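Below is entry_6.cif, holding mmCIF, C-alpha atoms and all ligand atoms.
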data_data
#
loop_
_atom_site.label_atom_id
_atom_site.label_comp_id
_atom_site.auth_asym_id
_atom_site.auth_seq_id
_atom_site.Cartn_x
_atom_site.Cartn_y
_atom_site.Cartn_z
CA MET L 1 -26.96 1.41 -9.24
CA GLN L 2 -26.09 1.07 -12.90
CA PRO L 3 -22.87 3.08 -13.26
CA ILE L 4 -23.04 5.71 -15.99
CA ASN L 5 -19.80 7.54 -15.28
CA LEU L 6 -16.44 7.03 -13.60
CA TRP L 7 -17.58 8.62 -10.34
CA ASP L 8 -20.35 6.01 -10.09
CA TYR L 9 -17.70 3.31 -10.48
CA GLU L 10 -15.69 4.84 -7.66
CA LEU L 11 -18.72 4.88 -5.35
CA LEU L 12 -19.57 1.28 -6.17
CA ALA L 13 -15.97 0.10 -5.90
CA GLU L 14 -15.78 1.16 -2.28
CA THR L 15 -18.56 -1.30 -1.48
CA HIS L 16 -16.67 -4.13 -3.23
CA LEU L 17 -13.26 -3.65 -1.62
CA ASP L 18 -12.06 -4.26 1.90
CA SER L 19 -11.17 -1.04 3.62
CA SER L 20 -7.41 -1.59 3.50
CA ALA L 21 -7.40 -2.22 -0.27
CA TRP L 22 -9.73 0.75 -0.80
CA ASP L 23 -7.40 3.01 1.16
CA TYR L 24 -4.38 1.71 -0.75
CA TYR L 25 -6.04 2.38 -4.10
CA ARG L 26 -7.85 5.59 -3.27
CA GLY L 27 -5.29 7.30 -1.07
CA GLY L 28 -2.43 9.68 -1.66
CA SER L 29 0.51 10.90 0.34
CA GLY L 30 0.76 13.44 3.16
CA ASP L 31 -2.32 15.64 3.39
CA GLU L 32 -3.47 14.47 -0.03
CA VAL L 33 -3.32 18.03 -1.34
CA THR L 34 -1.89 16.95 -4.69
CA LEU L 35 -4.31 14.05 -4.91
CA ARG L 36 -7.25 16.47 -4.66
CA ALA L 37 -5.56 19.03 -6.91
CA ASN L 38 -5.30 16.53 -9.77
CA CYS L 39 -9.07 16.43 -10.25
CA ALA L 40 -9.76 20.00 -9.12
CA ALA L 41 -7.37 21.55 -11.64
CA TYR L 42 -9.45 20.31 -14.58
CA ARG L 43 -12.34 22.41 -13.27
CA ARG L 44 -10.22 25.53 -13.64
CA ILE L 45 -9.85 24.94 -17.36
CA GLN L 46 -12.64 26.18 -19.58
CA LEU L 47 -13.36 25.05 -23.09
CA ARG L 48 -13.70 27.52 -25.96
CA PRO L 49 -16.03 25.59 -28.24
CA ARG L 50 -16.37 26.26 -31.95
CA VAL L 51 -19.79 25.93 -33.54
CA LEU L 52 -21.22 25.11 -36.94
CA VAL L 53 -18.42 22.65 -37.62
CA ASP L 54 -19.34 19.35 -39.28
CA VAL L 55 -19.07 16.84 -36.43
CA SER L 56 -21.20 14.11 -38.00
CA SER L 57 -18.29 11.77 -37.49
CA CYS L 58 -15.55 12.22 -34.92
CA GLU L 59 -12.18 10.48 -35.23
CA LEU L 60 -10.67 9.37 -31.96
CA GLU L 61 -7.94 7.14 -33.37
CA THR L 62 -4.36 8.14 -32.82
CA THR L 63 -0.90 6.62 -32.43
CA VAL L 64 1.48 6.47 -29.48
CA LEU L 65 5.13 5.95 -30.42
CA GLY L 66 3.80 4.72 -33.74
CA THR L 67 1.38 2.19 -32.26
CA PRO L 68 -2.23 2.76 -33.35
CA ILE L 69 -4.84 2.98 -30.58
CA SER L 70 -8.57 3.52 -30.99
CA MET L 71 -8.68 6.55 -28.69
CA PRO L 72 -6.19 8.77 -26.86
CA ILE L 73 -6.87 7.06 -23.53
CA MET L 74 -4.49 4.42 -22.16
CA ILE L 75 -4.20 2.46 -18.92
CA ALA L 76 -1.64 3.68 -16.38
CA PRO L 77 0.47 1.14 -14.48
CA THR L 78 -1.04 0.32 -11.10
CA ALA L 79 0.28 -2.30 -8.69
CA TYR L 80 -1.55 -5.21 -7.07
CA GLN L 81 -4.63 -5.45 -9.28
CA CYS L 82 -5.54 -8.87 -7.87
CA LEU L 83 -6.75 -6.99 -4.79
CA ALA L 84 -9.58 -5.70 -7.02
CA CYS L 85 -10.56 -8.96 -8.71
CA PRO L 86 -9.05 -12.45 -8.83
CA GLU L 87 -7.77 -12.17 -12.40
CA GLY L 88 -6.18 -8.81 -11.67
CA GLU L 89 -3.87 -7.56 -14.40
CA CYS L 90 -4.97 -10.31 -16.81
CA ALA L 91 -8.51 -8.90 -16.70
CA THR L 92 -7.15 -5.42 -17.39
CA ALA L 93 -5.17 -6.70 -20.35
CA ARG L 94 -8.32 -8.21 -21.84
CA ALA L 95 -10.28 -5.00 -21.27
CA ALA L 96 -7.55 -2.97 -22.98
CA GLY L 97 -7.58 -5.36 -25.93
CA GLU L 98 -11.37 -5.17 -26.29
CA ALA L 99 -11.20 -1.38 -26.20
CA LYS L 100 -8.27 -1.41 -28.63
CA THR L 101 -6.06 0.61 -26.42
CA LEU L 102 -2.75 0.19 -24.65
CA MET L 103 -2.05 -1.03 -21.13
CA VAL L 104 1.06 -0.23 -19.14
CA ALA L 105 1.80 -3.20 -16.88
CA SER L 106 3.42 -2.48 -13.50
CA THR L 107 6.60 -4.06 -12.20
CA MET L 108 4.54 -4.64 -9.05
CA ALA L 109 1.83 -6.64 -10.75
CA THR L 110 0.20 -9.58 -9.04
CA ARG L 111 0.29 -11.50 -12.35
CA THR L 112 3.52 -12.09 -14.22
CA LEU L 113 4.33 -9.95 -17.20
CA GLU L 114 4.19 -13.12 -19.34
CA GLU L 115 0.68 -13.98 -18.09
CA ILE L 116 -0.44 -10.43 -18.86
CA ALA L 117 1.04 -10.61 -22.37
CA GLY L 118 -0.75 -13.92 -22.88
CA GLU L 119 -4.13 -12.25 -22.25
CA ALA L 120 -3.48 -9.01 -24.07
CA GLY L 121 -5.34 -8.34 -27.29
CA GLY L 122 -3.70 -4.94 -27.64
CA ALA L 123 -0.30 -3.35 -27.26
CA LEU L 124 1.54 -3.31 -23.95
CA TRP L 125 4.25 -1.17 -22.38
CA PHE L 126 6.15 -2.32 -19.30
CA GLN L 127 6.65 0.00 -16.32
CA LEU L 128 10.03 -0.46 -14.69
CA TYR L 129 11.46 0.38 -11.30
CA VAL L 130 15.23 0.39 -11.19
CA TYR L 131 16.38 -1.63 -8.22
CA HIS L 132 19.61 -1.42 -6.22
CA ASP L 133 20.52 -4.66 -7.88
CA ARG L 134 20.30 -3.68 -11.53
CA ARG L 135 20.42 -7.32 -12.57
CA ILE L 136 16.84 -7.60 -11.28
CA SER L 137 15.70 -4.71 -13.48
CA GLU L 138 17.70 -5.99 -16.44
CA SER L 139 16.10 -9.39 -16.21
CA LEU L 140 12.65 -7.72 -16.23
CA VAL L 141 13.69 -5.82 -19.36
CA ARG L 142 14.74 -9.05 -21.09
CA ARG L 143 11.47 -10.74 -20.16
CA ALA L 144 9.44 -7.73 -21.37
CA GLU L 145 11.32 -7.79 -24.68
CA ALA L 146 10.76 -11.51 -25.07
CA SER L 147 7.04 -11.16 -24.31
CA GLY L 148 6.39 -8.52 -26.94
CA TYR L 149 6.10 -5.37 -24.82
CA ARG L 150 6.63 -2.40 -27.12
CA ALA L 151 8.22 0.13 -24.77
CA LEU L 152 9.60 0.56 -21.27
CA VAL L 153 8.28 3.17 -18.87
CA LEU L 154 10.88 4.20 -16.30
CA THR L 155 9.17 5.55 -13.20
CA ALA L 156 11.34 8.42 -12.03
CA ASP L 157 9.35 9.90 -9.16
CA ALA L 158 9.82 7.12 -6.63
CA PRO L 159 13.36 7.03 -5.23
CA ARG L 160 11.51 6.27 -2.04
CA LEU L 161 7.84 5.67 -1.44
CA GLY L 162 5.65 8.67 -0.57
CA ARG L 163 4.30 8.96 2.95
CA ARG L 164 0.97 7.21 2.55
CA GLU L 165 -0.58 7.55 5.95
CA ARG L 166 -3.68 5.50 5.22
CA ASP L 167 -1.41 2.54 4.50
CA MET L 168 0.66 3.21 7.61
CA ARG L 169 -2.45 3.19 9.78
CA ASN L 170 -3.72 0.00 8.13
CA ALA L 171 -0.27 -1.66 8.20
CA PHE L 172 -1.09 -2.33 4.55
CA ALA L 173 0.10 -5.70 3.23
CA LEU L 174 -0.99 -8.14 0.56
CA PRO L 175 -3.04 -11.15 1.62
CA PRO L 176 -0.78 -14.22 1.86
CA HIS L 177 -2.06 -15.75 -1.41
CA LEU L 178 -0.88 -12.75 -3.45
CA ARG L 179 2.70 -11.95 -4.37
CA MET L 180 4.59 -9.57 -6.57
CA ALA L 181 4.34 -12.10 -9.32
CA ASN L 182 7.23 -10.89 -11.46
CA PHE L 183 9.72 -11.93 -8.80
CA GLY L 184 8.72 -15.57 -8.39
CA ASN L 185 9.74 -16.98 -5.04
CA ALA L 186 12.24 -14.28 -4.18
CA GLU L 187 11.92 -13.18 -0.59
CA HIS L 188 11.26 -9.57 -1.55
CA ALA L 189 8.21 -10.66 -3.60
CA ASP L 190 6.38 -11.41 -0.38
CA VAL L 191 4.75 -8.25 0.94
CA SER L 192 2.25 -9.99 3.17
CA HIS L 193 3.84 -9.15 6.53
CA HIS L 194 1.89 -6.72 8.67
CA GLU L 195 4.15 -4.45 10.66
CA THR L 196 2.52 -2.01 13.05
CA GLY L 197 2.56 1.54 11.72
CA MET L 198 4.19 0.57 8.43
CA SER L 199 3.10 -0.35 4.95
CA ALA L 200 4.69 -3.57 3.71
CA LEU L 201 5.01 -1.90 0.32
CA ALA L 202 7.00 0.96 1.86
CA VAL L 203 9.28 -1.58 3.49
CA HIS L 204 9.81 -3.34 0.15
CA ALA L 205 10.53 -0.03 -1.58
CA SER L 206 13.03 1.07 1.04
CA LEU L 207 14.91 -2.21 0.71
CA MET L 208 14.78 -2.58 -3.06
CA PHE L 209 14.43 0.81 -4.80
CA ASP L 210 17.65 2.63 -5.60
CA PRO L 211 17.47 6.14 -4.12
CA GLY L 212 20.82 6.83 -5.76
CA LEU L 213 19.31 6.55 -9.24
CA THR L 214 20.15 9.54 -11.46
CA TRP L 215 19.88 10.40 -15.16
CA GLU L 216 22.74 7.96 -15.67
CA GLY L 217 20.16 5.27 -14.92
CA LEU L 218 18.11 6.36 -17.93
CA ALA L 219 21.21 6.31 -20.11
CA TRP L 220 21.99 2.82 -18.73
CA LEU L 221 18.51 1.61 -19.62
CA ARG L 222 18.77 3.14 -23.09
CA GLY L 223 22.02 1.27 -23.51
CA ILE L 224 20.74 -2.19 -22.59
CA THR L 225 17.62 -2.28 -24.76
CA SER L 226 16.49 -1.32 -28.20
CA LEU L 227 12.93 -0.77 -26.97
CA PRO L 228 11.78 2.85 -26.74
CA VAL L 229 12.05 4.25 -23.21
CA LEU L 230 9.61 6.70 -21.67
CA VAL L 231 10.14 8.57 -18.42
CA LYS L 232 7.15 8.78 -16.09
CA GLY L 233 6.87 11.30 -13.30
CA ILE L 234 8.21 14.49 -14.85
CA LEU L 235 6.73 17.80 -13.67
CA THR L 236 9.21 20.47 -14.79
CA ALA L 237 10.71 21.88 -17.98
CA GLU L 238 14.21 21.28 -16.58
CA ASP L 239 13.64 17.56 -16.13
CA ALA L 240 11.88 17.27 -19.47
CA LEU L 241 15.01 18.63 -21.16
CA LEU L 242 17.25 16.27 -19.18
CA ALA L 243 15.04 13.36 -20.17
CA LEU L 244 15.45 14.31 -23.83
CA GLU L 245 19.19 14.75 -23.40
CA HIS L 246 19.47 11.26 -21.92
CA GLY L 247 17.58 9.63 -24.73
CA ALA L 248 13.95 9.45 -23.60
CA ASP L 249 11.55 8.60 -26.41
CA GLY L 250 8.54 9.90 -24.52
CA ILE L 251 7.53 11.65 -21.31
CA ILE L 252 4.62 11.00 -19.00
CA VAL L 253 3.81 14.09 -17.00
CA SER L 254 2.64 12.63 -13.72
CA ASN L 255 2.71 13.04 -9.96
CA HIS L 256 1.97 9.35 -9.45
CA GLY L 257 -1.68 10.09 -8.75
CA GLY L 258 -0.76 12.22 -5.73
CA ARG L 259 0.97 9.29 -4.05
CA GLN L 260 4.58 10.47 -4.01
CA GLN L 261 5.51 14.08 -3.15
CA ASP L 262 2.53 15.89 -1.69
CA GLY L 263 2.42 19.59 -2.53
CA VAL L 264 3.49 19.28 -6.16
CA PRO L 265 1.14 20.73 -8.76
CA ALA L 266 -1.65 18.87 -10.43
CA SER L 267 -0.13 17.13 -13.41
CA ILE L 268 -2.32 19.06 -15.87
CA VAL L 269 -0.88 22.28 -14.43
CA ALA L 270 2.67 21.04 -15.10
CA LEU L 271 1.88 19.86 -18.63
CA PRO L 272 2.20 23.19 -20.50
CA GLU L 273 5.77 23.88 -19.33
CA VAL L 274 6.86 20.39 -20.36
CA ILE L 275 5.22 20.77 -23.76
CA GLU L 276 6.92 24.11 -24.25
CA ALA L 277 10.31 22.72 -23.22
CA VAL L 278 10.34 19.65 -25.48
CA ARG L 279 9.09 21.55 -28.55
CA GLY L 280 7.78 18.47 -30.26
CA HIS L 281 11.01 16.46 -29.89
CA CYS L 282 9.15 13.61 -28.18
CA GLU L 283 5.60 12.63 -27.44
CA VAL L 284 4.22 13.79 -24.10
CA TYR L 285 1.41 12.12 -22.19
CA VAL L 286 -0.29 13.02 -18.92
CA ASP L 287 -2.02 11.14 -16.12
CA GLY L 288 -3.66 12.06 -12.83
CA GLY L 289 -7.24 13.01 -12.04
CA ILE L 290 -8.77 12.31 -15.44
CA ARG L 291 -12.38 11.30 -14.83
CA ARG L 292 -14.37 12.89 -17.68
CA GLY L 293 -14.23 13.03 -21.44
CA THR L 294 -13.90 16.80 -21.12
CA ASP L 295 -10.76 16.24 -18.99
CA VAL L 296 -9.25 14.21 -21.82
CA LEU L 297 -10.16 16.94 -24.30
CA LYS L 298 -8.52 19.59 -22.10
CA ALA L 299 -5.34 17.51 -21.75
CA LEU L 300 -5.13 17.02 -25.50
CA SER L 301 -5.63 20.70 -26.13
CA LEU L 302 -2.79 21.50 -23.72
CA GLY L 303 -0.51 19.32 -25.80
CA ALA L 304 -0.76 15.75 -24.52
CA ARG L 305 -0.61 13.14 -27.25
CA ALA L 306 -2.82 10.89 -25.10
CA VAL L 307 -3.76 10.43 -21.44
CA LEU L 308 -3.57 7.52 -19.02
CA ILE L 309 -6.03 6.61 -16.30
CA GLY L 310 -5.10 4.76 -13.12
CA ARG L 311 -7.71 4.41 -10.38
CA PRO L 312 -10.84 4.31 -12.59
CA ILE L 313 -9.61 1.02 -14.07
CA LEU L 314 -9.24 -0.40 -10.56
CA TRP L 315 -12.82 0.69 -9.80
CA GLY L 316 -14.03 -1.09 -12.93
CA LEU L 317 -12.13 -4.25 -11.97
CA ALA L 318 -13.50 -4.17 -8.43
CA VAL L 319 -17.10 -3.76 -9.59
CA ASN L 320 -17.15 -6.19 -12.49
CA GLY L 321 -13.73 -7.57 -13.43
CA ALA L 322 -12.62 -7.26 -17.07
CA ALA L 323 -16.12 -6.17 -18.16
CA GLY L 324 -16.08 -3.39 -15.57
CA ALA L 325 -12.66 -2.14 -16.67
CA GLN L 326 -13.79 -2.21 -20.28
CA HIS L 327 -16.99 -0.36 -19.43
CA VAL L 328 -14.93 2.36 -17.73
CA LEU L 329 -12.94 2.76 -20.95
CA GLU L 330 -16.07 2.81 -23.10
CA LEU L 331 -17.78 5.39 -20.87
CA LEU L 332 -14.76 7.67 -21.15
CA ARG L 333 -14.57 7.11 -24.91
CA ALA L 334 -18.24 8.05 -25.35
CA GLU L 335 -17.82 11.15 -23.18
CA LEU L 336 -14.76 12.22 -25.16
CA GLU L 337 -16.55 11.75 -28.45
CA LEU L 338 -19.49 13.84 -27.29
CA ALA L 339 -17.16 16.51 -25.89
CA MET L 340 -15.35 16.68 -29.23
CA ALA L 341 -18.63 17.09 -31.10
CA LEU L 342 -19.86 19.82 -28.77
CA ALA L 343 -16.51 21.60 -29.02
CA GLY L 344 -16.51 21.52 -32.83
CA GLN L 345 -13.39 19.33 -32.87
CA PRO L 346 -13.95 16.27 -35.06
CA ARG L 347 -10.36 14.96 -35.01
CA VAL L 348 -8.23 14.31 -31.92
CA THR L 349 -5.05 14.86 -33.88
CA ALA L 350 -6.11 18.41 -34.83
CA ILE L 351 -6.93 19.69 -31.34
CA ASP L 352 -4.82 22.64 -30.22
CA SER L 353 -4.46 25.09 -27.35
CA SER L 354 -6.99 27.54 -28.78
CA LEU L 355 -9.65 25.24 -27.34
CA VAL L 356 -8.95 26.11 -23.69
CA ARG L 357 -8.40 28.94 -21.27
CA TRP L 358 -7.67 28.91 -17.53
CA SER L 359 -10.25 30.41 -15.23
CA GLU L 360 -9.52 31.79 -11.73
C1 LIG B 1 -3.12 1.81 -6.49
C2 LIG B 1 -2.09 2.48 -7.36
C3 LIG B 1 -0.92 1.80 -7.66
C4 LIG B 1 0.03 2.39 -8.49
N1 LIG B 1 1.14 1.68 -8.83
C5 LIG B 1 2.04 2.23 -9.67
C6 LIG B 1 3.17 1.49 -10.09
O1 LIG B 1 3.36 0.33 -9.72
N2 LIG B 1 4.05 2.10 -10.92
C7 LIG B 1 3.88 3.39 -11.37
O2 LIG B 1 4.69 3.91 -12.12
N3 LIG B 1 2.79 4.10 -11.00
C8 LIG B 1 1.87 3.56 -10.18
N4 LIG B 1 0.76 4.27 -9.83
C9 LIG B 1 0.53 5.62 -10.43
C10 LIG B 1 -0.27 5.51 -11.73
O3 LIG B 1 0.51 4.96 -12.76
C11 LIG B 1 -0.76 6.86 -12.22
O4 LIG B 1 0.32 7.76 -12.29
C12 LIG B 1 -1.89 7.47 -11.39
O5 LIG B 1 -2.72 6.48 -10.84
C13 LIG B 1 -2.73 8.41 -12.23
O6 LIG B 1 -3.69 9.05 -11.47
P1 LIG B 1 -5.23 8.59 -11.40
O7 LIG B 1 -5.28 7.39 -10.52
O8 LIG B 1 -5.88 9.80 -10.79
O9 LIG B 1 -5.71 8.32 -12.81
C14 LIG B 1 -0.19 3.69 -9.00
C15 LIG B 1 -1.38 4.37 -8.70
C16 LIG B 1 -2.33 3.77 -7.90
C17 LIG B 1 -3.62 4.50 -7.61
#
Go ahead and express the file in the form of structure tokens.
Amino acid sequence: MQPINLWDYELLAETHLDSSAWDYYRGGSGDEVTLRANCAAYRRIQLRPRVLVDVSSCELETTVLGTPISMPIMIAPTAYQCLACPEGECATARAAGEAKTLMVASTMATRTLEEIAGEAGGALWFQLYVYHDRRISESLVRRAEASGYRALVLTADAPRLGRRERDMRNAFALPPHLRMANFGNAEHADVSHHETGMSALAVHASLMFDPGLTWEGLAWLRGITSLPVLVKGILTAEDALLALEHGADGIIVSNHGGRQQDGVPASIVALPEVIEAVRGHCEVYVDGGIRRGTDVLKALSLGARAVLIGRPILWGLAVNGAAGAQHVLELLRAELELAMALAGQPRVTAIDSSLVRWSE
């Protein structure tokens, strides 16, 4: 099959991945209610197209924290990309560069942040987990600064790992040749031990993540770096305001792709209250369940500056490495451009909430 949309890539990817990696990538937490809701919610949003507008050329370019990107679609941080293809995160960085968009590299990458920066043709942000031992996080910050990353993305929705039952059943672990590359030879970088009924990643998270992290942690991060800091994993107006109060430069509305707390709303459902709360004081982005150009259009019209996609990039990598990831981005770009034309919206930066309404 020649994939012509992101769903095709997902179908094909399953045939390229071993079942444990597939479950790790595809799965969510608990009953996967939120995972399903992320995609389903977009179907409850209808477009209100305008007609007889000159759409002979559509402008997709925008900026994120001042960095120009060719379209309002970025790459979300996802761990362990070498499970999808041997080059892993380096392939993603090349795809992002070719597509002239931005990649967020994960703390839990299977290539070092320096290797990723070496391959990147475009801008990078670095996603950070704050560890019990803050010196570990601080050293990642210093390395990200030195490697030219343009912002830090503090993931706030993972004090502990969500209950990912697929991974528990599979006793998910990395194959022995893969490590959490950013941590060199440290013992905690090795997540290759299979323990019955447990995910090796969950074990790592329970040992290393700091469940005591509070808003003070954001203030701490703000204080140790001059890079902009975004907070990822916000779903409420209250937390959006706290993020602003503690110095966040941007917010990513996200439920971690349905992998953390099950039962929270689809991220697109949470977006409007965050937009209303921040009142333009910082840029707001959204991820989770975006599979179509019309989904991107809907997210923009509800106030997102840009969106991020997670799993579809992994599907592209699994099917055809960097070229596959790039093709995923180009398919979504083409769909967005068509959707803009058919909606009478020639400029992404001019899209507003009059373009959508919620259906029952
Ligand atoms: C396999 C996988 C690994 C992920 N790893 C991370 C991570 O290391 N850090 C993080 O902040 N989010 C992580 N996420 C969440 C993504 O950044 C993003 O929020 C989510 O994938 C978006 O939903 P989507 O996959 O439906 O596009 C991961 C998601 C997946 C699917």
Write out as a Markdown table a residue-level contact list of chain L versus ligand LIG 1 (chain B) with cut-off 7 Å: for each qualifying residue the closest pair of atoms and the distance in Å to one decimal, counting all atoms listed in the file, rows sorted by chain and residue number upward.
| residue | atom | partner | partner_atom | distance |
| --- | --- | --- | --- | --- |
| L:Tyr24 | CA | B:LIG1 | C1 | 5.9 |
| L:Tyr25 | CA | B:LIG1 | C1 | 3.8 |
| L:Arg26 | CA | B:LIG1 | C17 | 6.2 |
| L:Asn38 | CA | B:LIG1 | O8 | 6.8 |
| L:Ala76 | CA | B:LIG1 | O3 | 4.4 |
| L:Pro77 | CA | B:LIG1 | O3 | 4.2 |
| L:Thr78 | CA | B:LIG1 | N1 | 3.4 |
| L:Ala79 | CA | B:LIG1 | N1 | 4.1 |
| L:Ser106 | CA | B:LIG1 | O1 | 4.7 |
| L:Thr107 | CA | B:LIG1 | O1 | 6.0 |
| L:Met108 | CA | B:LIG1 | O1 | 5.2 |
| L:Gln127 | CA | B:LIG1 | O2 | 6.1 |
| L:Thr155 | CA | B:LIG1 | O2 | 4.9 |
| L:Lys232 | CA | B:LIG1 | O2 | 6.7 |
| L:Ser254 | CA | B:LIG1 | O4 | 5.6 |
| L:Asn255 | CA | B:LIG1 | O4 | 6.2 |
| L:His256 | CA | B:LIG1 | O4 | 3.6 |
| L:Gly257 | CA | B:LIG1 | O6 | 3.5 |
| L:Asp287 | CA | B:LIG1 | C13 | 4.8 |
| L:Gly288 | CA | B:LIG1 | O6 | 3.3 |
| L:Gly289 | CA | B:LIG1 | O8 | 3.7 |
| L:Ile290 | CA | B:LIG1 | O9 | 5.7 |
| L:Leu308 | CA | B:LIG1 | O9 | 6.6 |
| L:Ile309 | CA | B:LIG1 | O9 | 3.9 |
| L:Gly310 | CA | B:LIG1 | O9 | 3.6 |
| L:Arg311 | CA | B:LIG1 | O7 | 3.8 |
| L:Pro312 | CA | B:LIG1 | O9 | 6.5 |
The selected residues should be written to file as a compact mmCIF listing (two decimals), in the frame of the given file (atoms: C-alpha atoms).
# COMPACT_ATOMS: atom_id res chain seq x y z
CA TYR L 24 -4.38 1.71 -0.75
CA TYR L 25 -6.04 2.38 -4.10
CA ARG L 26 -7.85 5.59 -3.27
CA ASN L 38 -5.30 16.53 -9.77
CA ALA L 76 -1.64 3.68 -16.38
CA PRO L 77 0.47 1.14 -14.48
CA THR L 78 -1.04 0.32 -11.10
CA ALA L 79 0.28 -2.30 -8.69
CA SER L 106 3.42 -2.48 -13.50
CA THR L 107 6.60 -4.06 -12.20
CA MET L 108 4.54 -4.64 -9.05
CA GLN L 127 6.65 0.00 -16.32
CA THR L 155 9.17 5.55 -13.20
CA LYS L 232 7.15 8.78 -16.09
CA SER L 254 2.64 12.63 -13.72
CA ASN L 255 2.71 13.04 -9.96
CA HIS L 256 1.97 9.35 -9.45
CA GLY L 257 -1.68 10.09 -8.75
CA ASP L 287 -2.02 11.14 -16.12
CA GLY L 288 -3.66 12.06 -12.83
CA GLY L 289 -7.24 13.01 -12.04
CA ILE L 290 -8.77 12.31 -15.44
CA LEU L 308 -3.57 7.52 -19.02
CA ILE L 309 -6.03 6.61 -16.30
CA GLY L 310 -5.10 4.76 -13.12
CA ARG L 311 -7.71 4.41 -10.38
CA PRO L 312 -10.84 4.31 -12.59
Open item on the list: Counting only C-alpha atoms, which residue out of L:Leu271, L:Leu336, L:Leu355, L:Ala325 sits closest to L:Ala13?
Closed with: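 Comparing L:Leu271, L:Leu336, L:Leu355, L:Ala325 against L:Ala13, the winner is L:Ala325.
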Task: Nearest to L:Val286 by atom-to-atom distance, counting only C-alpha atoms, from L:Ile136, L:Ile75, L:Cys58, L:Ile69 - done: L:Ile75
Open item on the list: Set the distance at 8 Å and use all atoms listed in the file: which residues neighbour L:Ala277 once local chain neighbours fewer than 5 positions away are removed? I'd like the list as a list of chain:residue names.
Closed with: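 Everything that qualifies: L:Ala237, L:Glu238, L:Ala240, L:Leu241.
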Please return the centre and edge lengths, in Å to one decimal, of a box with edges along x, y and z that contains all listed atoms of stretch 281-285 of chain L, widened by 8 Å on every side, as lines of an AutoDock Vina configuration file.
center_x = 6.2
center_y = 14.3
center_z = -26.0
size_x = 25.6
size_y = 20.3
size_z = 23.7
Open item on the list: Please determine, counting only C-alpha atoms, which residue among L:Ala156, L:Ala186, L:Ile116, L:Leu338 has the shortest atom-to-atom distance to L:Arg94.
Closed with: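 Using only C-alpha atoms, L:Arg94 sits closest to L:Ile116.
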Task: Residue contacts of L:Trp125 (6 Å, only C-alpha atoms) excluding same-chain residues fewer than 2 positions away, as a ChimeraX atom specification - done: /L:104,149-152
Please return, as a JSON list (two decimals) with C-alpha atoms, keeping the file's coordinate frame, all polymer residues that have at least one atom within 9 Å of the point (-9.0, 10.2, -36.4); use only C-alpha atoms and the file's own coordinate frame.
[["chain", "number", "residue", "atom", "x", "y", "z"],
["L", 58, "CYS", "CA", -15.55, 12.22, -34.92],
["L", 59, "GLU", "CA", -12.18, 10.48, -35.23],
["L", 60, "LEU", "CA", -10.67, 9.37, -31.96],
["L", 61, "GLU", "CA", -7.94, 7.14, -33.37],
["L", 62, "THR", "CA", -4.36, 8.14, -32.82],
["L", 70, "SER", "CA", -8.57, 3.52, -30.99],
["L", 71, "MET", "CA", -8.68, 6.55, -28.69],
["L", 346, "PRO", "CA", -13.95, 16.27, -35.06],
["L", 347, "ARG", "CA", -10.36, 14.96, -35.01],
["L", 348, "VAL", "CA", -8.23, 14.31, -31.92],
["L", 349, "THR", "CA", -5.05, 14.86, -33.88],
["L", 350, "ALA", "CA", -6.11, 18.41, -34.83]]
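Coordinates place atom CA of L:Pro265 at a distance of 28.4 Å from atom CA of L:Leu124.
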Open item on the list: To one decimal place in Å, what is the distance between atom CA of L:Ala144 and atom CA of L:Gly303?
Closed with: 29.2 Å
Task: Separation of atom CA of L:His246 from atom CA of L:Glu216 in Å - done: 7.8 Å
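Between L:Cys82 and the residues L:Ala318, L:Arg142, L:Leu161, L:Gly197, the shortest atom-to-atom distance, using all atoms listed in the file, involves L:Ala318.
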- [ ] Would you please work out which residue, of L:Leu201, L:Leu329, L:Val64, L:Ala40, is nearest to L:Leu317 when using only C-alpha atoms?
- [x] L:Leu329
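Comparing L:Tyr42, L:Trp315, L:Phe183, L:Phe209 by their smallest distance to L:Val130, the closest is L:Phe209 (using all atoms listed in the file).
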- [ ] Please provide the set of residues having any atom within 7 Å of L:Gln46, restricted to only C-alpha atoms, with same-chain residues fewer than 2 positions apart removed, written as a ChimeraX atom specification.
- [x] /L:44,48,356-359
Could you write out the selected residues, including C-alpha atoms, as a CSV table (one decimal), in the frame of the given file?
chain,number,residue,atom,x,y,z
L,44,ARG,CA,-10.2,25.5,-13.6
L,48,ARG,CA,-13.7,27.5,-26.0
L,356,VAL,CA,-9.0,26.1,-23.7
L,357,ARG,CA,-8.4,28.9,-21.3
L,358,TRP,CA,-7.7,28.9,-17.5
L,359,SER,CA,-10.2,30.4,-15.2
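The environment of L:Arg259 within 9 Å, counting all atoms listed in the file and disregarding residues fewer than 2 places along the same chain, consists of Gly27, Gly28, Ser29, Gly30, Glu32, Thr34, Leu35, Leu161, Gly162, Arg163, Arg164, Asn255, His256, Gly257, Gln261 and Asp262 of chain L.
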Open item on the list: Taking (-12.3, -1.0, -14.6) in the coordinates of the supplied file, I want to know which residues reach to within 12 Å of it, counting only C-alpha atoms; could you give the answer as a PyMOL selection string?
Closed with: chain L and resi 3+5-10+12-13+75-76+78+81+84-85+88-89+91-96+99+309-332
Task: Distance query L:Glu138 at most 12 Å, only C-alpha atoms, self and fewer than 3 positions along chain excluded, as a PyMOL selection string - done: chain L and resi 128-135+141-145+152+217+220-225
